[in-house]
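Colleague: Just dropping this structure here.
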Amino acid sequence: MGVRPSDADLIAEGVRGAPPREVPARLCAVAVRLLPVNGASASLRGDGVPVRLCASGERAGRMAEIQTTLGDGPCVQAAATGAPVLARDLAAGADAGRWPVFAQQATAAGVRAVYALPLGTGSVCVGTLDLYRDTPGGLTGRELRTAELVAGVMTRALMALPQTAPGDAPGDASWLDGLAAGHDEVFQAVGMIMAQLGVEADEALARLRAHAFAHDRTVGELARDVLAHRHHFDAPD
């Protein structure tokens, strides 16, 4: 059985008339309406750092930031493999042991299951659509096909829609500029940490992530403090 026409109709209705910058967030909201999940977020692949694109609510946004900070979780694995990653119970069994630190943080926030679907075509993965649920369990075949349809529409939006909205003046900022700015902040901070510690980029990013995790902060929050000289890394950090 394929995806029900009503699902496709709801997806189309959810994005109809939306400017490009709003399409991913609209699709996250549609996913929450169509599927047995409580939240959704979308992230783009970065150089070692998933970059949050949008989220349906505060908790979904926090889950995306946790995976960015840890560099681990279903979203990160789905982006790396280009295949869906379905974590049915983060509090018990195999899923709890696949990403133990992420699972602990997710369950503490009330999330018991996560379904991460790659955004892209063929061997090219540009990011992930991540779905969050506060009760354990999987998706039925029909529900998974619906989730994949939402991910497919989001992929087309990201890869095919113009970067400026109709009516924008020439030279107006791209709808992805704000996202790129947040991504650049992290790598500017990594550059500063490299200079402070005399280490390579991978080590600097690992230090940034470790310090953020240890102090219950996100990578983005700590990066802004590094750039503003409110936090300085030294060798014993």
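Each chain in the structure tokens gets a letter, A, B, ..., in the order shown, and its residues are numbered from 1; ligands are numbered from 1 in order too.
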Hey, what's within 9 Å of Val76 (chain A) if we count only C-alpha atoms and toss same-chain stuff fewer than 4 positions away? As a list of chain:residue names, please?
Modeller: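 Residues meeting the cut-off are A:Arg45, A:Val49, A:Pro50, A:Gln67, A:Thr68, A:Gly71, A:Asp72, A:Ala80, A:Thr81, A:Ala116, A:Gly127, A:Thr128.
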Colleague: Convert the current residue selection to file output with N, CA and C atoms, as a compact mmCIF listing (two decimals), in the first residue's frame.
Modeller:
```txt
# COMPACT_ATOMS: atom_id res chain seq x y z
N ARG A 45 23.96 18.90 6.82
CA ARG A 45 25.30 18.39 7.11
C ARG A 45 26.30 19.53 7.07
N VAL A 49 29.87 19.08 11.91
CA VAL A 49 28.86 19.65 12.80
C VAL A 49 27.52 19.72 12.09
N PRO A 50 26.51 18.94 12.53
CA PRO A 50 25.18 19.13 11.95
C PRO A 50 24.68 20.54 12.26
N GLN A 67 22.56 16.77 19.69
CA GLN A 67 23.31 15.94 18.76
C GLN A 67 24.47 16.72 18.13
N THR A 68 24.27 18.01 17.89
CA THR A 68 25.37 18.84 17.39
C THR A 68 26.48 18.92 18.41
N GLY A 71 28.06 15.40 18.72
CA GLY A 71 28.57 14.79 17.50
C GLY A 71 28.16 13.34 17.40
N ASP A 72 27.01 13.01 18.00
CA ASP A 72 26.57 11.62 18.06
C ASP A 72 25.05 11.60 18.18
N ALA A 80 25.57 10.33 8.14
CA ALA A 80 26.80 9.65 7.74
C ALA A 80 26.54 8.47 6.81
N THR A 81 25.44 7.74 7.04
CA THR A 81 25.17 6.53 6.27
C THR A 81 24.24 6.78 5.08
N ALA A 116 15.27 9.21 12.39
CA ALA A 116 16.06 10.14 11.58
C ALA A 116 16.07 9.66 10.13
N GLY A 127 21.42 16.35 4.62
CA GLY A 127 20.99 16.59 5.98
C GLY A 127 20.02 15.53 6.44
N THR A 128 19.26 15.82 7.49
CA THR A 128 18.32 14.84 8.02
C THR A 128 17.04 15.52 8.50
```
Colleague: Leaving out Ala12 (chain A) and any residue of its chain fewer than 4 positions from it, which residues lie within 12 Å of it when counting only C-alpha atoms, given as a PyMOL selection string?
Modeller: chain A and resi 5-8+16-18+23+26-27+30-31+149-150+153-154
Colleague: Got time to write the residues from that selection, N, CA, C and O atoms, as a PDB file, in the first residue's frame?
Modeller:
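Below is the file that was written, out-v1.pdb:
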```
ATOM      1  N   PRO A   5      -3.596   9.238  -0.305  1.00  0.00           N
ATOM      2  CA  PRO A   5      -3.730  10.549  -0.942  1.00  0.00           C
ATOM      3  C   PRO A   5      -3.941  11.665   0.062  1.00  0.00           C
ATOM      4  O   PRO A   5      -3.480  12.782  -0.125  1.00  0.00           O
ATOM      5  N   SER A   6      -4.639  11.385   1.183  1.00  0.00           N
ATOM      6  CA  SER A   6      -4.899  12.427   2.167  1.00  0.00           C
ATOM      7  C   SER A   6      -3.593  12.937   2.784  1.00  0.00           C
ATOM      8  O   SER A   6      -3.468  14.114   3.107  1.00  0.00           O
ATOM      9  N   ASP A   7      -2.621  12.054   2.961  1.00  0.00           N
ATOM     10  CA  ASP A   7      -1.327  12.478   3.486  1.00  0.00           C
ATOM     11  C   ASP A   7      -0.632  13.416   2.501  1.00  0.00           C
ATOM     12  O   ASP A   7      -0.108  14.471   2.885  1.00  0.00           O
ATOM     13  N   ALA A   8      -0.609  13.013   1.233  1.00  0.00           N
ATOM     14  CA  ALA A   8       0.017  13.858   0.219  1.00  0.00           C
ATOM     15  C   ALA A   8      -0.693  15.206   0.120  1.00  0.00           C
ATOM     16  O   ALA A   8      -0.056  16.252  -0.045  1.00  0.00           O
ATOM     17  N   ARG A  16       1.773  25.090   0.758  1.00  0.00           N
ATOM     18  CA  ARG A  16       1.236  25.921  -0.326  1.00  0.00           C
ATOM     19  C   ARG A  16       1.349  27.407   0.031  1.00  0.00           C
ATOM     20  O   ARG A  16       0.947  27.851   1.090  1.00  0.00           O
ATOM     21  N   GLY A  17       1.950  28.174  -0.891  1.00  0.00           N
ATOM     22  CA  GLY A  17       2.067  29.611  -0.711  1.00  0.00           C
ATOM     23  C   GLY A  17       3.189  30.044   0.208  1.00  0.00           C
ATOM     24  O   GLY A  17       3.391  31.243   0.420  1.00  0.00           O
ATOM     25  N   ALA A  18       3.950  29.094   0.767  1.00  0.00           N
ATOM     26  CA  ALA A  18       5.019  29.453   1.702  1.00  0.00           C
ATOM     27  C   ALA A  18       6.254  29.920   0.946  1.00  0.00           C
ATOM     28  O   ALA A  18       6.651  29.308  -0.048  1.00  0.00           O
ATOM     29  N   VAL A  23       9.544  26.845   4.153  1.00  0.00           N
ATOM     30  CA  VAL A  23       9.134  25.498   3.748  1.00  0.00           C
ATOM     31  C   VAL A  23       9.618  24.414   4.713  1.00  0.00           C
ATOM     32  O   VAL A  23       8.825  23.566   5.151  1.00  0.00           O
ATOM     33  N   ARG A  26       7.566  24.512   7.893  1.00  0.00           N
ATOM     34  CA  ARG A  26       6.194  24.076   7.623  1.00  0.00           C
ATOM     35  C   ARG A  26       6.132  22.551   7.540  1.00  0.00           C
ATOM     36  O   ARG A  26       5.187  21.924   8.025  1.00  0.00           O
ATOM     37  N   LEU A  27       7.131  21.944   6.908  1.00  0.00           N
ATOM     38  CA  LEU A  27       7.139  20.492   6.759  1.00  0.00           C
ATOM     39  C   LEU A  27       7.353  19.794   8.098  1.00  0.00           C
ATOM     40  O   LEU A  27       6.806  18.714   8.326  1.00  0.00           O
ATOM     41  N   VAL A  30       3.990  19.762   9.579  1.00  0.00           N
ATOM     42  CA  VAL A  30       3.145  18.769   8.907  1.00  0.00           C
ATOM     43  C   VAL A  30       3.487  17.366   9.392  1.00  0.00           C
ATOM     44  O   VAL A  30       2.591  16.537   9.624  1.00  0.00           O
ATOM     45  N   ALA A  31       4.768  17.070   9.571  1.00  0.00           N
ATOM     46  CA  ALA A  31       5.176  15.745  10.035  1.00  0.00           C
ATOM     47  C   ALA A  31       4.570  15.435  11.397  1.00  0.00           C
ATOM     48  O   ALA A  31       4.130  14.303  11.658  1.00  0.00           O
ATOM     49  N   LEU A 149       8.087  10.490   2.550  1.00  0.00           N
ATOM     50  CA  LEU A 149       7.514  11.449   1.608  1.00  0.00           C
ATOM     51  C   LEU A 149       7.778  12.874   2.075  1.00  0.00           C
ATOM     52  O   LEU A 149       8.166  13.738   1.282  1.00  0.00           O
ATOM     53  N   VAL A 150       7.580  13.132   3.367  1.00  0.00           N
ATOM     54  CA  VAL A 150       7.884  14.463   3.907  1.00  0.00           C
ATOM     55  C   VAL A 150       9.358  14.791   3.688  1.00  0.00           C
ATOM     56  O   VAL A 150       9.713  15.902   3.265  1.00  0.00           O
ATOM     57  N   VAL A 153       9.955  15.703   0.029  1.00  0.00           N
ATOM     58  CA  VAL A 153       9.511  17.056  -0.308  1.00  0.00           C
ATOM     59  C   VAL A 153      10.493  18.082   0.245  1.00  0.00           C
ATOM     60  O   VAL A 153      10.833  19.073  -0.411  1.00  0.00           O
ATOM     61  N   MET A 154      10.990  17.847   1.469  1.00  0.00           N
ATOM     62  CA  MET A 154      11.958  18.772   2.058  1.00  0.00           C
ATOM     63  C   MET A 154      13.257  18.774   1.255  1.00  0.00           C
ATOM     64  O   MET A 154      13.877  19.819   1.053  1.00  0.00           O
TER      65      MET A 154
END
```
Colleague: With distances taken over only C-alpha atoms, which of A:Val226, A:Ala91, A:Cys28, A:Val114 is nearest to Met192 (chain A)?
Modeller: A:Val226
Colleague: Can you tell me which residues surround Ala204 (chain A) at a distance of at most 10 Å, considering only C-alpha atoms, apart from same-chain residues fewer than 5 positions away, and format the answer as JSON, numbers by chain?
Modeller: {"A": [187, 189, 190, 191, 192, 193, 194, 195, 196, 197, 198, 199, 209, 210, 233]}
Colleague: Do you have the CA of Leu70 (chain A)-CA of Arg230 (chain A) distance handy?
Modeller: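 That distance, rounded to one decimal, is 22.0 Å.
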Colleague: Please identify the helix (DSSP H, G or I) residues within region 23-180 of chain A (assignment by DSSP from backbone atoms) and present them as a VMD selection string.
Modeller: chain A and resid 23 to 34 58 to 70 74 to 81 93 to 98 100 to 108 141 to 160 177 to 180
Colleague: Nearest to Ala64 (chain A): which of A:Leu131, A:Ala92, A:Leu34, A:Leu144 is it, counting only C-alpha atoms?
Modeller: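 Smallest separation from Ala64 (chain A) among the options: A:Leu131.
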Colleague: Looking at only C-alpha atoms, which of A:Asp95, A:Leu53, A:Thr69, A:Asp134 is the one that sits closest to His215 (chain A)?
Modeller: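 Looking only at the distances to His215 (chain A), the closest residue turns out to be A:Thr69.
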Colleague: What parts of region 20-223 of chain A does DSSP call strand (DSSP E)? I'd like the answer as a ChimeraX atom specification.
Modeller: /A:39-44,51-55,85-87,113-121,124-133
Colleague: Hey, which of A:Met159, A:Leu10, A:Ala60, A:Val126 ends up closest to Ala79 (chain A)? Count only C-alpha atoms.
Modeller: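 Among the listed residues, A:Val126 lies closest to Ala79 (chain A).
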Colleague: So, with only C-alpha atoms as the atoms that count, which of A:Ala40, A:Cys125, A:Ile66, A:Ala147 lies closest to Ala25 (chain A)?
Modeller: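 Of A:Ala40, A:Cys125, A:Ile66, A:Ala147, the one nearest Ala25 (chain A), counting only C-alpha atoms, is A:Ala40.
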Colleague: Could you please determine the separation between CA of Thr121 (chain A) and CA of Val186 (chain A) in Å, to one decimal place?
Modeller: 27.4 Å
Colleague: Of the candidates A:Ala223, A:Val15, A:Leu35, A:Leu119, which shows the shortest atom-to-atom distance to Arg145 (chain A), using only C-alpha atoms?
Modeller: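 Under the stated criterion, the closest residue is A:Leu35.
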